[in-house]
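Listing of entry_13.cif, mmCIF, C-alpha atoms
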data_run
#
loop_
_atom_site.label_atom_id
_atom_site.label_comp_id
_atom_site.auth_asym_id
_atom_site.auth_seq_id
_atom_site.Cartn_x
_atom_site.Cartn_y
_atom_site.Cartn_z
CA MET A 516 18.99 334.51 156.61
CA SER A 517 17.68 335.58 159.95
CA LEU A 518 15.79 338.52 161.36
CA THR A 519 15.38 340.16 164.76
CA LEU A 520 12.13 341.44 166.21
CA THR A 521 13.48 344.99 165.89
CA GLU A 522 14.16 344.45 162.18
CA LEU A 523 10.70 342.92 161.75
CA ALA A 524 9.18 345.97 163.48
CA GLN A 525 11.14 348.22 161.12
CA LEU A 526 9.58 346.43 158.13
CA LEU A 527 6.12 347.16 159.57
CA ASP A 528 7.10 350.78 160.22
CA ASP A 529 8.31 351.12 156.62
CA ALA A 530 4.98 349.71 155.42
CA LYS A 531 3.15 352.23 157.64
CA LEU A 532 1.37 349.50 159.56
CA ARG A 533 0.42 350.24 163.15
CA TYR A 534 1.24 347.57 165.70
CA ARG A 535 1.94 346.94 169.35
CA THR A 536 4.85 345.01 170.74
CA LYS A 537 3.55 342.32 173.06
CA GLU A 538 6.26 340.15 174.65
CA ASP A 539 8.08 338.59 171.69
CA VAL A 540 5.49 339.28 168.96
CA LEU A 541 4.05 342.23 167.10
CA GLN A 542 0.28 342.62 167.36
CA LEU A 543 -1.83 344.19 164.59
CA TYR A 544 -5.56 344.84 164.34
CA PHE A 545 -7.43 344.72 161.04
CA ALA A 546 -11.04 345.67 160.38
CA THR A 547 -13.14 343.02 158.66
CA ASP A 548 -16.32 343.17 156.61
CA ILE A 549 -17.89 339.78 157.40
CA TYR A 550 -15.68 338.03 159.95
CA GLU A 551 -16.59 338.57 163.58
CA ASN A 552 -14.35 337.49 166.41
CA ARG A 553 -15.69 335.76 169.51
CA ALA A 554 -16.46 339.14 171.10
CA ALA A 555 -18.67 339.91 168.04
CA ASP A 556 -16.30 342.66 166.86
CA ASP A 557 -15.52 343.17 163.18
CA CYS A 558 -11.84 342.85 163.90
CA LEU A 559 -9.08 340.33 163.28
CA VAL A 560 -6.11 340.35 165.63
CA VAL A 561 -2.90 339.22 163.93
CA TYR A 562 0.37 338.36 165.64
CA VAL A 563 3.69 338.38 163.81
CA GLY A 564 6.60 336.65 165.45
CA LEU A 565 9.90 334.96 164.76
CA GLU A 566 10.81 331.33 165.30
CA GLU A 567 13.86 329.15 164.76
CA ASP A 568 16.33 331.87 165.76
CA GLY A 569 14.76 334.44 163.43
CA GLU A 570 14.83 332.23 160.33
CA PHE A 571 11.07 331.81 160.21
CA ILE A 572 8.27 334.41 160.32
CA ARG A 573 5.07 333.10 161.85
CA VAL A 574 1.88 335.09 161.21
CA MET A 575 -1.10 333.99 163.26
CA SER A 576 -4.56 334.99 164.33
CA PRO A 577 -5.07 332.86 167.44
CA GLY A 578 -8.54 332.03 168.62
CA ALA A 579 -10.17 333.01 165.35
CA TYR A 580 -12.84 330.40 166.17
CA LEU A 581 -13.56 327.94 168.92
CA LEU A 582 -14.99 324.47 168.45
CA PRO A 583 -16.42 323.41 171.81
CA THR A 584 -14.81 320.21 173.06
CA ASP A 585 -18.29 318.79 173.69
CA ALA A 586 -19.49 319.49 170.12
CA SER A 587 -21.35 316.68 168.39
CA PRO A 588 -19.37 314.26 166.20
CA GLU A 589 -21.26 315.63 163.17
CA THR A 590 -20.15 319.18 163.98
CA LYS A 591 -16.55 318.11 164.52
CA GLU A 592 -16.55 316.26 161.20
CA ALA A 593 -18.12 319.23 159.37
CA VAL A 594 -15.51 321.59 160.82
CA ARG A 595 -12.68 319.20 159.98
CA ARG A 596 -13.86 318.78 156.37
CA THR A 597 -14.42 322.52 155.97
CA LEU A 598 -10.96 323.43 157.28
CA LEU A 599 -9.33 320.76 155.09
CA GLN A 600 -11.12 322.09 152.01
CA ILE A 601 -10.13 325.68 152.79
CA ASN A 602 -6.50 324.67 153.38
CA PHE A 603 -6.54 322.70 150.13
CA GLU A 604 -7.68 325.74 148.19
CA SER A 605 -5.22 328.19 149.78
CA LYS A 606 -1.59 328.65 148.86
CA LEU A 607 -0.42 330.82 151.75
CA HIS A 608 -2.97 330.81 154.57
CA ARG A 609 -4.20 327.86 156.53
CA TYR A 610 -6.45 327.16 159.46
CA GLU A 611 -5.05 325.07 162.30
CA TYR A 612 -7.26 323.21 164.74
CA ASP A 613 -6.05 322.36 168.24
CA GLN A 614 -8.00 319.32 169.44
CA ALA A 615 -6.95 319.87 173.05
CA ASP A 616 -8.90 323.10 173.53
CA GLY A 617 -10.87 323.49 170.27
CA GLU A 618 -9.01 326.62 169.16
CA ILE A 619 -9.02 327.33 165.43
CA ARG A 620 -6.35 329.80 164.33
CA LEU A 621 -5.51 331.36 161.00
CA CYS A 622 -1.80 331.06 160.12
CA ALA A 623 0.84 331.70 157.51
CA ASP A 624 4.50 330.74 157.75
CA LEU A 625 7.34 332.45 155.91
CA PRO A 626 10.70 330.69 155.95
CA LEU A 627 13.61 333.07 155.45
CA GLU A 628 15.86 330.59 153.65
CA ASP A 629 16.93 332.83 150.78
CA ALA A 630 15.97 336.38 151.68
CA VAL A 631 14.16 338.62 154.12
CA PRO A 632 10.87 339.93 152.71
CA THR A 633 10.61 343.59 151.86
CA SER A 634 8.26 345.78 153.84
CA ARG A 635 5.93 345.80 150.85
CA GLN A 636 5.86 341.99 150.62
CA LEU A 637 5.25 341.60 154.34
CA ALA A 638 2.51 344.24 154.29
CA ARG A 639 0.81 342.50 151.36
CA ILE A 640 0.81 339.19 153.25
CA LEU A 641 -0.56 340.79 156.41
CA ARG A 642 -3.25 342.73 154.56
CA THR A 643 -4.57 339.51 153.00
CA PHE A 644 -5.48 338.11 156.43
CA PRO A 645 -8.75 340.05 156.90
CA SER A 646 -10.01 339.30 153.38
CA PHE A 647 -9.13 335.62 153.79
CA ALA A 648 -11.01 335.54 157.11
CA ASP A 649 -13.98 337.33 155.46
CA ASN A 650 -14.04 334.93 152.49
CA TRP A 651 -14.22 331.82 154.65
CA HIS A 652 -16.20 333.10 157.65
CA LEU A 653 -19.63 331.92 156.53
CA PRO A 654 -18.60 328.36 155.60
CA ILE A 655 -16.78 328.00 158.92
CA ARG A 656 -19.78 329.37 160.82
CA ASP A 657 -22.05 326.93 158.93
CA ALA A 658 -19.82 324.06 160.02
CA LEU A 659 -19.63 325.27 163.63
CA ASP A 660 -23.27 326.26 164.04
CA HIS A 661 -25.14 323.81 161.79
CA ALA A 662 -22.70 320.91 161.14
CA VAL A 663 -22.76 321.72 157.41
CA ALA A 664 -19.42 321.05 155.75
CA LEU A 665 -18.05 323.04 152.86
CA PRO A 666 -18.36 320.74 149.85
CA GLY A 667 -15.18 319.65 148.16
CA ARG A 668 -14.54 320.05 144.47
CA ALA A 669 -15.31 316.40 143.75
CA GLU A 670 -18.68 316.72 145.48
CA ILE A 671 -19.47 319.92 143.59
CA PHE A 672 -18.61 318.28 140.24
CA ARG A 673 -20.68 315.17 141.07
CA ASN A 674 -23.68 317.35 141.89
CA PHE A 675 -23.15 319.43 138.77
CA ASP A 676 -22.85 316.34 136.55
CA ALA A 677 -26.00 314.86 138.11
CA LEU A 678 -27.87 318.11 137.52
CA ARG A 679 -26.66 318.32 133.92
CA SER A 680 -27.71 314.72 133.35
CA GLU A 681 -31.19 315.45 134.70
CA GLU A 682 -31.49 318.57 132.55
CA HIS A 683 -30.28 316.68 129.48
CA THR A 684 -32.79 313.87 130.10
CA SER A 685 -35.68 316.30 130.58
CA GLU A 686 -34.64 318.21 127.45
CA LEU A 687 -34.68 315.01 125.41
CA GLN A 688 -38.12 314.16 126.73
CA SER A 689 -39.65 317.55 125.91
CA PRO A 690 -42.36 317.35 123.19
CA CYS A 691 -40.30 319.39 120.74
CA ASN A 692 -37.22 317.22 121.14
CA LEU A 693 -39.24 314.01 120.98
CA VAL A 694 -40.65 315.06 117.61
CA CYS A 695 -37.17 315.98 116.36
CA ARG A 696 -35.75 312.64 117.49
CA LEU A 697 -38.58 310.73 115.85
CA LEU A 698 -38.06 312.60 112.58
CA LEU A 699 -34.30 311.95 112.71
CA GLU A 700 -34.86 308.25 113.43
CA LYS A 701 -37.13 307.91 110.37
CA LYS A 702 -34.44 309.29 108.04
#
Exercise: express the given structure as structure tokens:
Amino acid sequence: MSLTLTELAQLLDDAKLRYRTKEDVLQLYFATDIYENRAADDCLVVYVGLEEDGEFIRVMSPGAYLLPTDASPETKEAVRRTLLQINFESKLHRYEYDQADGEIRLCADLPLEDAVPTSRQLARILRTFPSFADNWHLPIRDALDHAVALPGRAEIFRNFDALRSEEHTSELQSPCNLVCRLLLEKK
């Protein structure tokens, strides 16, 4: 299956989404609650375009973030780990990092192997971009600004298990539990 830019624009028209045609892509603006772009606006710019002769829809928010090329190794590692964790947890969206210029962009790819999406499906995908950007804005900012990586699931579980172990140990050492254990041991 393939699609033309005119057909793609018609899907957006049918979904009542406002857009601009800019060269060979369609440009949409979405308000955000938490995410701020580099101009400090609560707005996410999303581009929708076609690749591979119209057999592939590429949705992208270029320049969502910028990692300075002279950032410390700790900051680079925190950003890399954070983006990997976010991409691991997401099914549709992903963040891409361009090492050449430090650009971090939000993307989603839709291959049109079997069918063209309906206007409703495409609108649903596009409308998830601002909430996805909002959900992950603070962890990405922590990585960029403070070199604090988003913890992975394994790290979270290790910390939780350690905390539970400490709580369990302190519970067993409480006076009430010590008396109970001593009474049980005597029986």
Answer key for the PyMOL selection byres ((chain A and resi 593-608) around 7), residues as a PDB file with C-alpha atoms, in the frame of the given file:
ATOM      1  CA  GLU A 589     -21.260 315.630 163.170  1.00  0.00           C
ATOM      2  CA  THR A 590     -20.150 319.180 163.980  1.00  0.00           C
ATOM      3  CA  LYS A 591     -16.550 318.110 164.520  1.00  0.00           C
ATOM      4  CA  GLU A 592     -16.550 316.260 161.200  1.00  0.00           C
ATOM      5  CA  ARG A 609      -4.200 327.860 156.530  1.00  0.00           C
ATOM      6  CA  TYR A 610      -6.450 327.160 159.460  1.00  0.00           C
ATOM      7  CA  LEU A 621      -5.510 331.360 161.000  1.00  0.00           C
ATOM      8  CA  CYS A 622      -1.800 331.060 160.120  1.00  0.00           C
ATOM      9  CA  ALA A 623       0.840 331.700 157.510  1.00  0.00           C
ATOM     10  CA  ILE A 655     -16.780 328.000 158.920  1.00  0.00           C
ATOM     11  CA  ALA A 658     -19.820 324.060 160.020  1.00  0.00           C
ATOM     12  CA  LEU A 659     -19.630 325.270 163.630  1.00  0.00           C
ATOM     13  CA  ALA A 662     -22.700 320.910 161.140  1.00  0.00           C
ATOM     14  CA  VAL A 663     -22.760 321.720 157.410  1.00  0.00           C
ATOM     15  CA  ALA A 664     -19.420 321.050 155.750  1.00  0.00           C
ATOM     16  CA  LEU A 665     -18.050 323.040 152.860  1.00  0.00           C
ATOM     17  CA  GLY A 667     -15.180 319.650 148.160  1.00  0.00           C
TER      18      GLY A 667
END
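The nearest approach to Trp651 of chain A among the residues A:Tyr534, A:Phe545, A:Tyr562, A:Tyr580, with all atoms listed in the file taken into account, belongs to A:Tyr580.
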Atom-to-atom span, atom CA of Val540 of chain A and atom CA of Leu520 of chain A, Å: 7.5 Å
Set up a box along x, y and z of the file covering all listed atoms of segment 619-624 of chain A, add 6 Å on every one of the six sides, and write the centre and edge lengths in Å to one decimal, as AutoDock Vina command-line options.
--center_x -2.3 --center_y 329.5 --center_z 161.5 --size_x 25.5 --size_y 16.4 --size_z 19.9
8 Å contact set for Ser634 of chain A, only C-alpha atoms, chain neighbours under 6 positions out, as a PyMOL selection string: chain A and resi 526-527+529-530
Pick from A:Thr519, A:Cys558, A:Leu532, A:Glu551, whichever lies nearest to Arg642 of chain A using all atoms listed in the file: A:Leu532
Distance of atom CA of Ala630 of chain A from atom CA of Ser517 of chain A, expressed in Å to one decimal place: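 A separation of 8.5 Å between them.
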The PyMOL selection byres ((chain A and resi 538) around 12) applied to the shown file, residues as a list in words: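 Checking the PyMOL selection byres ((chain A and resi 538) around 12) against this file, the residues are Leu520, Arg535, Thr536, Lys537, Asp539, Val540, Leu541, Gln542, Tyr562, Val563, Gly564 and Leu565 of chain A.
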